[in-house]
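**Student:** Quick one: the structure is below, and I'll ask about it shortly.
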Amino acid sequence: MAKDSDSLSKKVENFLKVFKKGEEFTQELLQENEKLRYRLAQQEEVSKSSGRGEALNEQALEERLKTLEDENKSLLDRYHQVEEENKDFANRYIEVETENNNLANLYVASYQLHSTLDFNESLKIVLEIVMNLIGAEEFSIMMLDEKTNELSIVAQEGMGQDARKSIKMGSGIIGQVAKTGDAFYRDGDPTNLKGIDYTHPLVTIPLKIKEHVIGIIVIYKLLIQKTEFSNVDYELFSMLAGHAATALFSSKLYSQSERKLTTIQSFLDLLKEK
Amino acid sequence: MPEYTFLVVEDSPTMRQLISFALKRIPGSTIVEAGDGIDALKKLSNQKFDVILTDINMPLMDGLKLVSMVRNDPTYKDIPVIVITTEGADDARERGISLGANAYVSKPIQTQDLLNTVNEIIKSKA
């Protein structure tokens, strides 16, 4: 009986030991579990915060990309603007060059017109300007005789025999230009000619001193290579209207006064001799 | 800066002045004017020229005769010649070129065309 009791007590003791160990093991497991939970929570926290950072980084990059795209667009716009400005400058340069050339032509023409007081030389210079600067092939210069009220050719280039040598003031296009003092430009292509019509000129320019017409320049035909009138041609026409008129008028007056002076001088010499 | 001496042969003072005006726009240019072919030959014997620009219709000696004389003279034969004339027809151009002219400019002269032609000649000579 005592033996049984010892054996039972041993068994209980062993069971208690095993139970104790089990309890300790369970405690350890629970602690380990707690630790793992804590670490997991930590890890989750880290992972959460790192995800937020990535999102933030991505947003910043997107913003930067947008800024760069905007900058790129504005640079492209500026480039196109500068390109347009460049084109404008190039066109402006060509315009200035053309204007320079035109002014040089006008300067040379007016310089030459006023370079002499000889009537025939003045006429020759007007012919040269009309021929070489405007490009006329058939044309004439007519002066008005105030006594007869008739325009007569004083110089011409390339004109045929059937051209009228004199025209009454107010008669036809040429006479009307002399009467009104308004230039005449024939409509249409100046090269589209069906032969020369001396009653229907291409251009008729009145030579005027203020509003007083002293003569006219009549152009019937242009040189073969001259296909149209340019702006400078019209400038030359208006320059001729004034400058050629004063040049021809003053040289004519000078020639007349020279002649008179010679006559008077001859008289004086004659009187002295007597 | 390179320097160029041009001989402008033209009987019309207006045209001479106009051509000289245009040529002055080439940096380093010096312009000598002659009234006809004979005057041009005199000036050619006095100094060296880089380019001759000559009119065709002139008194005493015309431009075509001048071109022919320049091309047949060993001293001047290499000087480029530009012929300037009122005639725009092909035969006048061909006459000038066949005699040895390097280029041809028609009247009424467009300054820019003249300068382009002269600049091309200068470039090809350099």
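Residues in the structure tokens are named by chain (A, B, ... in the order shown) and by number from 1 within that chain; ligands are numbered from 1 in the order shown.
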Counting only C-alpha atoms, what are the residues of chain B within 8 Å of chain A, and for each of them which pair of atoms is the nearest and at what distance in Å, to one decimal? Sort the table by chain and rising number, as JSON lines.

**Tutor:**
{"residue": "B:Ser12", "atom": "CA", "partner": "A:Glu128", "partner_atom": "CA", "distance": 7.2}
{"residue": "B:Pro13", "atom": "CA", "partner": "A:Gln112", "partner_atom": "CA", "distance": 7.8}
{"residue": "B:Thr14", "atom": "CA", "partner": "A:Gln112", "partner_atom": "CA", "distance": 6.2}
{"residue": "B:Met15", "atom": "CA", "partner": "A:Asn132", "partner_atom": "CA", "distance": 7.2}
{"residue": "B:Gln17", "atom": "CA", "partner": "A:Val108", "partner_atom": "CA", "distance": 6.6}
{"residue": "B:Leu18", "atom": "CA", "partner": "A:Val108", "partner_atom": "CA", "distance": 6.2}
{"residue": "B:Phe21", "atom": "CA", "partner": "A:Ala104", "partner_atom": "CA", "distance": 7.2}
{"residue": "B:Ala22", "atom": "CA", "partner": "A:Asn101", "partner_atom": "CA", "distance": 7.8}
{"residue": "B:Thr86", "atom": "CA", "partner": "A:Asn132", "partner_atom": "CA", "distance": 7.3}
{"residue": "B:Glu87", "atom": "CA", "partner": "A:Leu223", "partner_atom": "CA", "distance": 7.9}
{"residue": "B:Gly88", "atom": "CA", "partner": "A:Gln225", "partner_atom": "CA", "distance": 5.5}
{"residue": "B:Ala89", "atom": "CA", "partner": "A:Ile224", "partner_atom": "CA", "distance": 7.5}
{"residue": "B:Ser106", "atom": "CA", "partner": "A:Gln225", "partner_atom": "CA", "distance": 7.7}
{"residue": "B:Lys107", "atom": "CA", "partner": "A:Asn132", "partner_atom": "CA", "distance": 5.9}
{"residue": "B:Pro108", "atom": "CA", "partner": "A:Asn132", "partner_atom": "CA", "distance": 4.9}
{"residue": "B:Ile109", "atom": "CA", "partner": "A:Leu133", "partner_atom": "CA", "distance": 7.0}
{"residue": "B:Thr111", "atom": "CA", "partner": "A:Asn101", "partner_atom": "CA", "distance": 6.2}
{"residue": "B:Gln112", "atom": "CA", "partner": "A:Asn101", "partner_atom": "CA", "distance": 7.7}

**Student:** Would you mind exporting N, CA and C atoms of the selected residues as a PDB file, in the first residue's frame?

**Tutor:**
ATOM      1  N   SER B  12      28.505 107.261-119.979  1.00  0.00           N
ATOM      2  CA  SER B  12      27.503 108.091-119.297  1.00  0.00           C
ATOM      3  C   SER B  12      27.951 108.397-117.865  1.00  0.00           C
ATOM      4  N   PRO B  13      28.113 109.698-117.535  1.00  0.00           N
ATOM      5  CA  PRO B  13      28.522 110.044-116.164  1.00  0.00           C
ATOM      6  C   PRO B  13      27.527 109.553-115.119  1.00  0.00           C
ATOM      7  N   THR B  14      26.253 109.551-115.493  1.00  0.00           N
ATOM      8  CA  THR B  14      25.215 109.092-114.561  1.00  0.00           C
ATOM      9  C   THR B  14      25.439 107.624-114.203  1.00  0.00           C
ATOM     10  N   MET B  15      25.661 106.822-115.245  1.00  0.00           N
ATOM     11  CA  MET B  15      25.861 105.389-115.015  1.00  0.00           C
ATOM     12  C   MET B  15      27.167 105.122-114.281  1.00  0.00           C
ATOM     13  N   GLN B  17      28.638 107.054-112.157  1.00  0.00           N
ATOM     14  CA  GLN B  17      28.462 107.391-110.739  1.00  0.00           C
ATOM     15  C   GLN B  17      27.614 106.330-110.027  1.00  0.00           C
ATOM     16  N   LEU B  18      26.600 105.854-110.727  1.00  0.00           N
ATOM     17  CA  LEU B  18      25.720 104.836-110.140  1.00  0.00           C
ATOM     18  C   LEU B  18      26.481 103.534-109.864  1.00  0.00           C
ATOM     19  N   PHE B  21      28.999 104.074-107.085  1.00  0.00           N
ATOM     20  CA  PHE B  21      28.259 104.118-105.822  1.00  0.00           C
ATOM     21  C   PHE B  21      28.005 102.709-105.299  1.00  0.00           C
ATOM     22  N   ALA B  22      27.585 101.850-106.223  1.00  0.00           N
ATOM     23  CA  ALA B  22      27.282 100.462-105.838  1.00  0.00           C
ATOM     24  C   ALA B  22      28.562  99.746-105.399  1.00  0.00           C
ATOM     25  N   THR B  86      22.775  97.990-122.312  1.00  0.00           N
ATOM     26  CA  THR B  86      21.335  98.219-122.383  1.00  0.00           C
ATOM     27  C   THR B  86      20.666  97.033-123.065  1.00  0.00           C
ATOM     28  N   GLU B  87      21.433  96.357-123.905  1.00  0.00           N
ATOM     29  CA  GLU B  87      20.859  95.252-124.676  1.00  0.00           C
ATOM     30  C   GLU B  87      20.602  94.047-123.778  1.00  0.00           C
ATOM     31  N   GLY B  88      19.372  93.598-123.781  1.00  0.00           N
ATOM     32  CA  GLY B  88      19.053  92.453-122.951  1.00  0.00           C
ATOM     33  C   GLY B  88      18.946  91.182-123.787  1.00  0.00           C
ATOM     34  N   ALA B  89      19.073  91.347-125.077  1.00  0.00           N
ATOM     35  CA  ALA B  89      18.915  90.198-125.967  1.00  0.00           C
ATOM     36  C   ALA B  89      20.071  89.209-125.805  1.00  0.00           C
ATOM     37  N   SER B 106      22.609  93.464-117.221  1.00  0.00           N
ATOM     38  CA  SER B 106      21.788  94.294-118.114  1.00  0.00           C
ATOM     39  C   SER B 106      21.312  95.571-117.437  1.00  0.00           C
ATOM     40  N   LYS B 107      21.195  96.627-118.247  1.00  0.00           N
ATOM     41  CA  LYS B 107      20.593  97.873-117.771  1.00  0.00           C
ATOM     42  C   LYS B 107      19.080  97.762-117.917  1.00  0.00           C
ATOM     43  N   PRO B 108      18.265  98.369-117.125  1.00  0.00           N
ATOM     44  CA  PRO B 108      18.653  99.202-115.995  1.00  0.00           C
ATOM     45  C   PRO B 108      19.255  98.355-114.877  1.00  0.00           C
ATOM     46  N   ILE B 109      20.351  98.807-114.335  1.00  0.00           N
ATOM     47  CA  ILE B 109      21.090  98.006-113.361  1.00  0.00           C
ATOM     48  C   ILE B 109      20.354  97.926-112.027  1.00  0.00           C
ATOM     49  N   THR B 111      21.194  97.309-108.407  1.00  0.00           N
ATOM     50  CA  THR B 111      22.437  97.364-107.620  1.00  0.00           C
ATOM     51  C   THR B 111      22.777  96.025-106.982  1.00  0.00           C
ATOM     52  N   GLN B 112      21.755  95.369-106.412  1.00  0.00           N
ATOM     53  CA  GLN B 112      22.032  94.109-105.724  1.00  0.00           C
ATOM     54  C   GLN B 112      22.529  93.041-106.696  1.00  0.00           C
TER      55      GLN B 112
END

**Student:** Give the alpha helix (DSSP H) residues of stretch 103-272 of chain A, as DSSP finds them on the backbone, and put them as an MDAnalysis selection string.

**Tutor:** chainID A and resid 103:113 119:128 172:180 231:239 245:272

**Student:** If you run DSSP on the backbone, which residues of stretch 68-187 of chain A are strand (DSSP E), as a PyMOL selection string?

**Tutor:** chain A and resi 136-145+150-157+166-168+184-185

**Student:** Quick check, in Å to one decimal: how far apart do atom CA of A:Val82 and atom CA of A:Thr67 lie?

**Tutor:**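 Going from atom CA of A:Val82 over to atom CA of A:Thr67 covers 22.0 Å.
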
**Student:** Rounded to one decimal place, report the atom CA of B:Ile26-atom CA of B:Arg93 distance in Å.

**Tutor:** 25.2 Å

**Student:** For B:Val9, list every protein, DNA or RNA residue within 12 Å, evaluated using only C-alpha atoms, and leave out those in the same chain fewer than 4 positions away; present the list as a PyMOL selection string.

**Tutor:** chain B and resi 13+15-17+19-20+31-44+51-59+61-64+66-67+81-85
